[in-house]
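Everything below belongs to work-v8.pdb, which stores PDB, C-alpha atoms.
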ATOM      1  CA  MET A   1      19.557 -70.944 -19.003
ATOM      2  CA  LYS A   2      22.271 -68.517 -20.075
ATOM      3  CA  PRO A   3      20.051 -66.787 -22.688
ATOM      4  CA  LEU A   4      17.407 -66.305 -19.997
ATOM      5  CA  LEU A   5      19.904 -64.746 -17.608
ATOM      6  CA  LEU A   6      21.186 -62.508 -20.382
ATOM      7  CA  LEU A   7      17.648 -61.408 -21.190
ATOM      8  CA  LEU A   8      16.922 -60.662 -17.535
ATOM      9  CA  SER A   9      20.134 -58.659 -17.278
ATOM     10  CA  LEU A  10      19.207 -56.629 -20.348
ATOM     11  CA  ILE A  11      15.756 -55.972 -18.928
ATOM     12  CA  LEU A  12      17.244 -54.807 -15.613
ATOM     13  CA  ILE A  13      19.697 -52.517 -17.415
ATOM     14  CA  THR A  14      16.897 -51.063 -19.541
ATOM     15  CA  VAL A  15      14.641 -50.493 -16.531
ATOM     16  CA  SER A  16      17.494 -48.905 -14.576
ATOM     17  CA  SER A  17      18.303 -46.632 -17.502
ATOM     18  CA  LEU A  18      14.700 -45.521 -17.848
ATOM     19  CA  HIS A  19      14.452 -44.963 -14.101
ATOM     20  CA  ALA A  20      17.614 -42.840 -14.135
ATOM     21  CA  GLN A  21      16.086 -40.594 -16.778
ATOM     22  CA  GLU A  22      13.020 -39.724 -14.703
ATOM     23  CA  SER A  23      12.756 -36.359 -12.980
ATOM     24  CA  ARG A  24      13.102 -36.212  -9.201
ATOM     25  CA  VAL A  25      11.421 -34.066  -6.555
ATOM     26  CA  PHE A  26      12.673 -33.766  -2.979
ATOM     27  CA  ASP A  27      10.287 -31.712  -0.868
ATOM     28  CA  ALA A  28      11.702 -32.015   2.663
ATOM     29  CA  LEU A  29      15.315 -30.933   2.240
ATOM     30  CA  SER A  30      16.795 -28.612   4.843
ATOM     31  CA  MET A  31      19.724 -26.364   5.648
ATOM     32  CA  GLU A  32      20.902 -24.482   8.695
ATOM     33  CA  SER A  33      20.474 -20.717   8.662
ATOM     34  CA  GLU A  34      22.704 -18.602  10.872
ATOM     35  CA  ILE A  35      20.796 -15.472   9.852
ATOM     36  CA  LEU A  36      17.434 -16.870  10.996
ATOM     37  CA  ASN A  37      18.981 -19.052  13.691
ATOM     38  CA  MET A  38      17.003 -22.120  12.670
ATOM     39  CA  GLU A  39      16.727 -24.958  10.207
ATOM     40  CA  ARG A  40      15.016 -24.028   6.935
ATOM     41  CA  LYS A  41      13.302 -26.420   4.553
ATOM     42  CA  PHE A  42      13.176 -26.259   0.782
ATOM     43  CA  ALA A  43      12.124 -28.434  -2.149
ATOM     44  CA  VAL A  44      14.012 -29.167  -5.359
ATOM     45  CA  TYR A  45      12.905 -30.455  -8.739
ATOM     46  CA  LEU A  46      15.683 -32.140 -10.732
ATOM     47  CA  PRO A  47      14.981 -32.610 -14.453
ATOM     48  CA  PRO A  48      15.045 -35.958 -16.270
ATOM     49  CA  GLY A  49      18.566 -37.226 -16.740
ATOM     50  CA  TYR A  50      20.117 -35.100 -13.989
ATOM     51  CA  GLU A  51      21.437 -38.120 -12.101
ATOM     52  CA  TYR A  52      23.475 -39.569 -14.955
ATOM     53  CA  SER A  53      24.472 -36.398 -16.825
ATOM     54  CA  GLN A  54      27.436 -34.148 -16.088
ATOM     55  CA  ARG A  55      25.916 -30.944 -17.422
ATOM     56  CA  SER A  56      24.973 -27.878 -15.385
ATOM     57  CA  TYR A  57      21.463 -26.446 -15.531
ATOM     58  CA  PRO A  58      19.681 -23.106 -15.332
ATOM     59  CA  VAL A  59      17.655 -22.527 -12.191
ATOM     60  CA  LEU A  60      14.181 -21.215 -11.437
ATOM     61  CA  TYR A  61      13.380 -20.105  -7.896
ATOM     62  CA  LEU A  62       9.653 -20.771  -7.489
ATOM     63  CA  LEU A  63       7.961 -19.088  -4.517
ATOM     64  CA  HIS A  64       4.778 -20.267  -2.794
ATOM     65  CA  GLY A  65       1.916 -18.162  -1.477
ATOM     66  CA  ALA A  66       0.651 -17.396   2.021
ATOM     67  CA  GLY A  67      -0.502 -20.465   3.903
ATOM     68  CA  ASP A  68       1.622 -22.883   1.887
ATOM     69  CA  ASP A  69       5.232 -23.930   2.325
ATOM     70  CA  GLN A  70       7.922 -25.486   0.137
ATOM     71  CA  THR A  71       5.558 -28.344  -0.706
ATOM     72  CA  GLY A  72       2.842 -26.099  -2.177
ATOM     73  CA  TRP A  73       4.072 -26.112  -5.758
ATOM     74  CA  VAL A  74       4.831 -29.826  -5.474
ATOM     75  CA  GLN A  75       1.493 -30.969  -4.093
ATOM     76  CA  PHE A  76      -1.022 -28.453  -5.433
ATOM     77  CA  GLY A  77       0.943 -26.923  -8.299
ATOM     78  CA  GLU A  78       1.886 -30.317  -9.794
ATOM     79  CA  VAL A  79       5.276 -28.891 -10.696
ATOM     80  CA  GLN A  80       6.814 -32.263 -11.561
ATOM     81  CA  TYR A  81       4.104 -33.277 -14.025
ATOM     82  CA  ILE A  82       3.907 -29.818 -15.622
ATOM     83  CA  ALA A  83       7.683 -29.373 -15.925
ATOM     84  CA  ASP A  84       8.187 -32.882 -17.334
ATOM     85  CA  LYS A  85       5.482 -32.229 -19.929
ATOM     86  CA  ALA A  86       6.898 -28.815 -20.877
ATOM     87  CA  PHE A  87      10.375 -30.273 -21.383
ATOM     88  CA  SER A  88       9.174 -33.297 -23.341
ATOM     89  CA  GLU A  89       7.078 -31.089 -25.630
ATOM     90  CA  GLY A  90       9.985 -28.710 -26.207
ATOM     91  CA  ILE A  91       8.241 -25.574 -24.955
ATOM     92  CA  ALA A  92      10.855 -25.147 -22.231
ATOM     93  CA  THR A  93      14.469 -26.055 -21.690
ATOM     94  CA  GLN A  94      15.431 -28.330 -18.802
ATOM     95  CA  MET A  95      16.127 -26.538 -15.537
ATOM     96  CA  ILE A  96      16.409 -27.102 -11.813
ATOM     97  CA  ILE A  97      13.529 -25.649  -9.795
ATOM     98  CA  VAL A  98      14.107 -24.566  -6.181
ATOM     99  CA  MET A  99      11.120 -23.972  -3.895
ATOM    100  CA  PRO A 100      11.954 -22.431  -0.490
ATOM    101  CA  ASP A 101       9.779 -22.367   2.627
ATOM    102  CA  ALA A 102       8.675 -18.873   3.708
ATOM    103  CA  ASN A 103       6.006 -20.029   6.147
ATOM    104  CA  THR A 104       8.081 -21.013   9.184
ATOM    105  CA  GLY A 105       8.966 -18.607  11.969
ATOM    106  CA  LYS A 106       7.389 -15.554  10.389
ATOM    107  CA  ARG A 107       5.430 -15.727   7.169
ATOM    108  CA  GLY A 108       6.834 -13.788   4.221
ATOM    109  CA  TYR A 109       9.847 -13.196   1.999
ATOM    110  CA  PHE A 110      11.185  -9.949   3.484
ATOM    111  CA  ASN A 111      13.146  -8.660   6.428
ATOM    112  CA  ASP A 112      10.927  -7.086   9.061
ATOM    113  CA  VAL A 113      10.944  -3.348   9.656
ATOM    114  CA  ASN A 114      13.315  -3.674  12.642
ATOM    115  CA  ASN A 115      15.645  -6.045  10.789
ATOM    116  CA  ASP A 116      15.242  -8.617  13.554
ATOM    117  CA  TRP A 117      13.793 -11.211  11.159
ATOM    118  CA  ARG A 118      15.898 -11.219   7.984
ATOM    119  CA  TYR A 119      14.320 -13.642   5.518
ATOM    120  CA  GLU A 120      15.360 -11.702   2.426
ATOM    121  CA  ASP A 121      18.973 -11.667   3.639
ATOM    122  CA  PHE A 122      18.712 -15.404   4.280
ATOM    123  CA  PHE A 123      17.442 -15.997   0.745
ATOM    124  CA  PHE A 124      20.270 -14.128  -0.971
ATOM    125  CA  GLU A 125      23.135 -14.739   1.434
ATOM    126  CA  GLU A 126      22.492 -18.330   2.512
ATOM    127  CA  LEU A 127      19.824 -20.197   0.513
ATOM    128  CA  MET A 128      20.975 -19.282  -2.988
ATOM    129  CA  PRO A 129      24.688 -19.925  -2.359
ATOM    130  CA  TYR A 130      23.855 -23.204  -0.614
ATOM    131  CA  VAL A 131      21.626 -24.738  -3.292
ATOM    132  CA  GLU A 132      23.867 -23.482  -6.095
ATOM    133  CA  SER A 133      26.795 -25.269  -4.464
ATOM    134  CA  GLN A 134      24.856 -28.491  -3.833
ATOM    135  CA  TYR A 135      23.439 -28.895  -7.359
ATOM    136  CA  ARG A 136      24.898 -28.416 -10.815
ATOM    137  CA  ILE A 137      23.437 -24.967 -11.286
ATOM    138  CA  LYS A 138      24.787 -22.340 -13.651
ATOM    139  CA  LYS A 139      25.541 -19.304 -11.528
ATOM    140  CA  GLU A 140      25.361 -16.511 -14.092
ATOM    141  CA  LYS A 141      22.454 -14.026 -14.064
ATOM    142  CA  ARG A 142      21.414 -15.178 -17.526
ATOM    143  CA  TYR A 143      20.660 -18.686 -16.226
ATOM    144  CA  ARG A 144      18.757 -17.647 -13.092
ATOM    145  CA  ALA A 145      15.027 -16.816 -12.975
ATOM    146  CA  ILE A 146      12.411 -16.256 -10.291
ATOM    147  CA  ALA A 147       8.645 -16.735 -10.215
ATOM    148  CA  GLY A 148       5.927 -17.102  -7.612
ATOM    149  CA  LEU A 149       2.244 -16.777  -6.833
ATOM    150  CA  SER A 150       0.348 -14.347  -4.580
ATOM    151  CA  MET A 151       2.656 -13.632  -1.614
ATOM    152  CA  GLY A 152       5.366 -15.347  -3.658
ATOM    153  CA  GLY A 153       4.443 -13.162  -6.618
ATOM    154  CA  GLY A 154       5.138 -10.147  -4.444
ATOM    155  CA  GLY A 155       8.399 -11.753  -3.354
ATOM    156  CA  THR A 156       9.267 -12.327  -7.010
ATOM    157  CA  PHE A 157       8.606  -8.700  -7.948
ATOM    158  CA  PHE A 158      10.573  -7.188  -5.087
ATOM    159  CA  TYR A 159      13.466  -9.646  -5.227
ATOM    160  CA  ALA A 160      13.975  -8.830  -8.905
ATOM    161  CA  MET A 161      13.637  -5.120  -8.141
ATOM    162  CA  HIS A 162      16.071  -5.297  -5.235
ATOM    163  CA  ARG A 163      18.589  -7.546  -7.025
ATOM    164  CA  PRO A 164      18.236  -7.101 -10.796
ATOM    165  CA  ASP A 165      21.869  -8.161 -11.096
ATOM    166  CA  LEU A 166      20.901 -11.730 -10.147
ATOM    167  CA  PHE A 167      17.853 -12.567 -12.284
ATOM    168  CA  SER A 168      17.441 -12.666 -16.044
ATOM    169  CA  SER A 169      13.663 -12.949 -15.801
ATOM    170  CA  ALA A 170      10.915 -12.576 -13.212
ATOM    171  CA  CYS A 171       7.346 -13.872 -13.371
ATOM    172  CA  PRO A 172       4.974 -12.574 -10.672
ATOM    173  CA  LEU A 173       1.693 -14.507 -10.777
ATOM    174  CA  SER A 174      -1.411 -13.013  -9.127
ATOM    175  CA  ALA A 175       1.143 -11.000  -7.211
ATOM    176  CA  SER A 176       0.476  -9.382  -3.861
ATOM    177  CA  LEU A 177       1.289  -5.845  -5.013
ATOM    178  CA  ARG A 178      -1.059  -3.761  -2.944
ATOM    179  CA  ASN A 179      -0.345  -0.047  -3.012
ATOM    180  CA  SER A 180      -1.291   2.274  -0.184
ATOM    181  CA  SER A 181      -0.486   5.672   1.258
ATOM    182  CA  PHE A 182       2.380   6.018   3.707
ATOM    183  CA  GLU A 183      -0.100   6.553   6.543
ATOM    184  CA  ASP A 184      -2.022   3.369   5.718
ATOM    185  CA  PHE A 185       1.261   1.489   5.349
ATOM    186  CA  LYS A 186       2.403   2.776   8.752
ATOM    187  CA  LYS A 187      -0.830   1.637  10.386
ATOM    188  CA  GLY A 188      -0.481  -1.789   8.776
ATOM    189  CA  VAL A 189       3.063  -2.204  10.087
ATOM    190  CA  GLU A 190       1.995  -1.136  13.580
ATOM    191  CA  ASN A 191      -0.935  -3.571  13.552
ATOM    192  CA  ASN A 192       0.976  -6.587  12.227
ATOM    193  CA  GLN A 193       4.491  -6.280  13.598
ATOM    194  CA  THR A 194       6.349  -5.358  16.759
ATOM    195  CA  PRO A 195       6.677  -1.639  17.455
ATOM    196  CA  VAL A 196       9.104   0.153  15.145
ATOM    197  CA  LYS A 197      12.390   0.696  16.983
ATOM    198  CA  GLU A 198      13.615   3.482  14.707
ATOM    199  CA  PRO A 199      10.704   5.496  13.257
ATOM    200  CA  SER A 200      13.097   7.170  10.811
ATOM    201  CA  THR A 201      13.602   3.833   9.038
ATOM    202  CA  LEU A 202       9.904   3.374   8.281
ATOM    203  CA  GLU A 203       9.869   5.640   5.226
ATOM    204  CA  ALA A 204      12.833   3.799   3.694
ATOM    205  CA  TYR A 205      11.067   0.504   4.412
ATOM    206  CA  PHE A 206       7.942   1.868   2.729
ATOM    207  CA  ASP A 207       9.932   2.851  -0.371
ATOM    208  CA  ARG A 208      11.514  -0.596  -0.537
ATOM    209  CA  HIS A 209       8.285  -2.583  -0.155
ATOM    210  CA  LEU A 210       5.723  -0.627  -2.153
ATOM    211  CA  ALA A 211       5.555  -1.638  -5.806
ATOM    212  CA  LEU A 212       4.849   1.774  -7.335
ATOM    213  CA  ARG A 213       7.592   3.400  -5.250
ATOM    214  CA  GLN A 214      10.091   0.835  -6.490
ATOM    215  CA  ILE A 215       9.178   1.587 -10.100
ATOM    216  CA  GLU A 216       9.451   5.300  -9.400
ATOM    217  CA  LEU A 217      12.774   5.156  -7.561
ATOM    218  CA  ASN A 218      14.740   2.357  -9.230
ATOM    219  CA  ASP A 219      17.113   2.803 -12.154
ATOM    220  CA  PRO A 220      15.151   2.143 -15.379
ATOM    221  CA  GLU A 221      18.165   0.399 -16.913
ATOM    222  CA  ASP A 222      18.293  -2.028 -13.986
ATOM    223  CA  MET A 223      14.610  -2.797 -14.398
ATOM    224  CA  LYS A 224      15.092  -3.255 -18.158
ATOM    225  CA  SER A 225      17.854  -5.802 -17.519
ATOM    226  CA  VAL A 226      15.174  -8.190 -16.215
ATOM    227  CA  LYS A 227      12.566  -9.738 -18.518
ATOM    228  CA  TRP A 228       9.173  -9.386 -16.836
ATOM    229  CA  PHE A 229       6.064 -11.566 -17.143
ATOM    230  CA  PHE A 230       2.941 -10.679 -15.132
ATOM    231  CA  ASP A 231      -0.135 -12.905 -15.085
ATOM    232  CA  CYS A 232      -3.316 -12.298 -13.079
ATOM    233  CA  GLY A 233      -6.899 -13.511 -13.357
ATOM    234  CA  ASP A 234      -9.721 -11.122 -14.226
ATOM    235  CA  ASP A 235     -11.621 -12.256 -11.116
ATOM    236  CA  ASP A 236      -8.595 -12.048  -8.814
ATOM    237  CA  PHE A 237      -8.891  -9.703  -5.823
ATOM    238  CA  LEU A 238      -5.283  -8.597  -6.543
ATOM    239  CA  TYR A 239      -6.155  -7.558 -10.106
ATOM    240  CA  GLU A 240      -6.012  -3.802  -9.387
ATOM    241  CA  GLY A 241      -2.518  -3.800  -7.874
ATOM    242  CA  ASN A 242      -1.137  -5.816 -10.769
ATOM    243  CA  SER A 243      -2.825  -3.504 -13.276
ATOM    244  CA  LEU A 244      -1.387  -0.396 -11.605
ATOM    245  CA  VAL A 245       2.103  -1.891 -11.787
ATOM    246  CA  HIS A 246       1.567  -2.664 -15.474
ATOM    247  CA  ILE A 247       0.498   0.941 -16.133
ATOM    248  CA  ALA A 248       3.433   2.373 -14.152
ATOM    249  CA  MET A 249       5.955   0.194 -15.988
ATOM    250  CA  LYS A 250       4.351   1.124 -19.301
ATOM    251  CA  LYS A 251       4.747   4.832 -18.503
ATOM    252  CA  LYS A 252       8.394   4.231 -17.572
ATOM    253  CA  GLU A 253       8.849   2.317 -20.851
ATOM    254  CA  ILE A 254       9.988  -0.808 -19.013
ATOM    255  CA  PRO A 255       9.425  -3.748 -21.408
ATOM    256  CA  HIS A 256       7.240  -6.446 -19.890
ATOM    257  CA  GLU A 257       4.550  -9.007 -20.695
ATOM    258  CA  PHE A 258       1.211  -8.520 -18.966
ATOM    259  CA  ARG A 259      -1.481 -11.207 -19.122
ATOM    260  CA  ILE A 260      -5.041 -11.057 -17.879
ATOM    261  CA  ARG A 261      -6.827 -14.368 -18.306
ATOM    262  CA  ASP A 262     -10.180 -15.723 -17.226
ATOM    263  CA  GLY A 263      -9.749 -16.980 -13.687
ATOM    264  CA  ALA A 264      -9.480 -16.276  -9.988
ATOM    265  CA  HIS A 265      -6.959 -16.548  -7.164
ATOM    266  CA  ASN A 266      -6.587 -20.320  -7.078
ATOM    267  CA  TRP A 267      -4.441 -23.291  -8.019
ATOM    268  CA  THR A 268      -6.423 -23.972 -11.176
ATOM    269  CA  TYR A 269      -5.197 -20.625 -12.491
ATOM    270  CA  TRP A 270      -1.599 -21.076 -11.373
ATOM    271  CA  ARG A 271      -1.270 -24.585 -12.776
ATOM    272  CA  GLU A 272      -2.294 -23.121 -16.132
ATOM    273  CA  SER A 273       0.245 -20.315 -15.693
ATOM    274  CA  LEU A 274       3.239 -22.530 -14.959
ATOM    275  CA  PRO A 275       3.839 -23.819 -18.525
ATOM    276  CA  HIS A 276       3.874 -20.202 -19.748
ATOM    277  CA  VAL A 277       6.363 -19.309 -17.009
ATOM    278  CA  LEU A 278       8.658 -22.198 -17.932
ATOM    279  CA  SER A 279       8.526 -21.203 -21.594
ATOM    280  CA  PHE A 280       9.138 -17.515 -20.836
ATOM    281  CA  VAL A 281      12.162 -18.041 -18.571
ATOM    282  CA  SER A 282      13.579 -20.548 -21.056
ATOM    283  CA  ASP A 283      13.831 -17.773 -23.634
ATOM    284  CA  THR A 284      16.483 -16.139 -21.468
ATOM    285  CA  PHE A 285      18.279 -19.427 -20.864
ATOM    286  CA  ARG A 286      18.584 -20.424 -24.506
ATOM    287  CA  GLN A 287      21.341 -19.307 -26.838
ATOM    288  CA  LYS A 288      19.954 -16.848 -29.401
TER     289      LYS A 288
END

Could you write out this structure as structure tokens?
Amino acid sequence: MKPLLLLLSLILITVSSLHAQESRVFDALSMESEILNMERKFAVYLPPGYEYSQRSYPVLYLLHGAGDDQTGWVQFGEVQYIADKAFSEGIATQMIIVMPDANTGKRGYFNDVNNDWRYEDFFFEELMPYVESQYRIKKEKRYRAIAGLSMGGGGTFFYAMHRPDLFSSACPLSASLRNSSFEDFKKGVENNQTPVKEPSTLEAYFDRHLALRQIELNDPEDMKSVKWFFDCGDDDFLYEGNSLVHIAMKKKEIPHEFRIRDGAHNWTYWRESLPHVLSFVSDTFRQK
């Protein structure tokens, strides 16, 4: 009887050990935001072994597109399966992946033109400090990356442009980087948002949220401090905006990777992109 009990105990210990080494995804976490005056949800991927290790990890902020929320990369992007595979195959180093919700209240990753809705401030002033205090995340720029698709690709580009001091690498995928004249931009703001309270602020808002203006106005050394990876399908309706950004960065001699692959604006394309993203950001995380 005793040998049987011992065997059962060993089996339970082995199963528990294997279970502890699995990755974990939590896709309905939440925090209170004073800036947005509401509860905000987010998802987190924790790599295999996180629960029993004592080490701290690099972090990737992974942004969803329009119409999705913090569950998009979990459900449709298969982030857990793809990340587990990338780590097990050695093409990427283990990291924590944080996926915020930018679909509640107002859709998008930026403050509005009147600064009444301040999502970008929430992201930098509340979300990042909160998750980096709740999980064993390395807080140095070198160990922090950002990536996203479509609307989230635009968020990725502008967040890294606005705060190059925070991110070692940025990977906009099929990014929403439309470029327009100031007059067209003004009409778009008037059609989609509440009336502008201070018309004098509109030009500054335009400069801050138009991709080519950011490349023109920002310090080249700041842009060079971020490693850039752009990826967009040849049949993607956002192909032109991404190509114009590539050309502008090339003219400014800003080092970056630019990939055009066969594909369209869909999850099939982005699932294929994610392993490349994980490998690319890992190059900044690893010791040379």

field: Residues within 12 Å of Glu34 in chain A, all atoms listed in the file, excluding chain neighbours under 5 positions, as a list in words
entry: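 Non-adjacent residues within range: Glu39, Arg40, Trp117, Arg118, Tyr119, Asp121, Phe122, Phe123, Glu125, Glu126 and Leu127 of chain A.
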
message: Please expand the PyMOL selection byres ((chain A and resi 57-73) around 7) into the concrete residues it hits in this file, giving the result as an MDAnalysis selection string.
response: chainID A and resid 27 42:43 55:56 74:79 95:103 136:138 143:152 285

message: Show me the residues close to (12.3, -8.0, 8.1) - anything with an atom within 12 Å, counting all atoms listed in the file - and format the list as a ChimeraX atom specification.
response: /A:35-36,105-122,189,193-194,196,201-202,205,208-209

- prompt: the PyMOL selection byres ((chain A and resi 237) around 12) on the file shown: which residues, as a ChimeraX atom specification?
  reply: /A:150,174-178,232-236,238-243,263-266

message: What would the selection look like, as number ranges by chain, if the PyMOL selection byres ((chain A and resi 169) around 7) were run on the coordinates I just shared?
response: A: 145-146, 167-168, 170-171, 226-228, 281

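Take CA of Met31 in chain A and CA of Pro275 in chain A: the distance between them is 29.0 Å.
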
Coordinates of box centre and edge lengths for range 236-243 of chain A, 3 Å on every side, axis-aligned, as JSON:
{"center_x": -5.0, "center_y": -7.8, "center_z": -9.5, "size_x": 13.8, "size_y": 14.5, "size_z": 13.5}

- request: Tell me, in Å to one decimal, how far CA of Glu51 in chain A is from CA of Gln21 in chain A.
  value: 7.5 Å

query: What is the CA of Phe229 in chain A-CA of Phe280 in chain A distance in Å, reported with one decimal?
result: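 Spanning CA of Phe229 in chain A to CA of Phe280 in chain A is a straight-line distance of 7.6 Å.
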
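Closest approach to Phe182 in chain A from the set A:Asp207, A:Lys197, A:Pro129, A:Asp231 is made by A:Asp207, with distances taken over only C-alpha atoms.
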
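Closest approach to Ile254 in chain A from the set A:Trp267, A:Ser279, A:Glu221, A:Ser180 is made by A:Glu221, with distances taken over only C-alpha atoms.
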
message: as a list in words, please: the residues near Ala92 in chain A (cut-off 10 Å, all atoms listed in the file, same-chain neighbours under 2 positions excluded).
response: Ala83, Asp84, Lys85, Ala86, Phe87, Ser88, Glu89, Gly90, Gln94, Met95, Pro275, His276, Val277, Leu278, Ser279, Phe280, Val281, Ser282, Asp283, Phe285 and Arg286 of chain A

Restrict the selected residues to C-alpha atoms and save them as a compact mmCIF listing (two decimals), in the coordinates of the input.
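Output (result_1.txt):
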# COMPACT_ATOMS: atom_id res chain seq x y z
CA ALA A 83 7.68 -29.37 -15.92
CA ASP A 84 8.19 -32.88 -17.33
CA LYS A 85 5.48 -32.23 -19.93
CA ALA A 86 6.90 -28.82 -20.88
CA PHE A 87 10.38 -30.27 -21.38
CA SER A 88 9.17 -33.30 -23.34
CA GLU A 89 7.08 -31.09 -25.63
CA GLY A 90 9.98 -28.71 -26.21
CA GLN A 94 15.43 -28.33 -18.80
CA MET A 95 16.13 -26.54 -15.54
CA PRO A 275 3.84 -23.82 -18.52
CA HIS A 276 3.87 -20.20 -19.75
CA VAL A 277 6.36 -19.31 -17.01
CA LEU A 278 8.66 -22.20 -17.93
CA SER A 279 8.53 -21.20 -21.59
CA PHE A 280 9.14 -17.52 -20.84
CA VAL A 281 12.16 -18.04 -18.57
CA SER A 282 13.58 -20.55 -21.06
CA ASP A 283 13.83 -17.77 -23.63
CA PHE A 285 18.28 -19.43 -20.86
CA ARG A 286 18.58 -20.42 -24.51

message: Please determine, counting all atoms listed in the file, which residue among A:Leu210, A:Phe158, A:Arg142, A:Leu166 has the shortest atom-to-atom distance to Asn179 in chain A.
response: A:Leu210

field: Given only C-alpha atoms as the counted atoms, nearest of A:Arg271, A:Lys139, A:Thr284, A:Phe230 to Thr156 in chain A
entry: A:Phe230
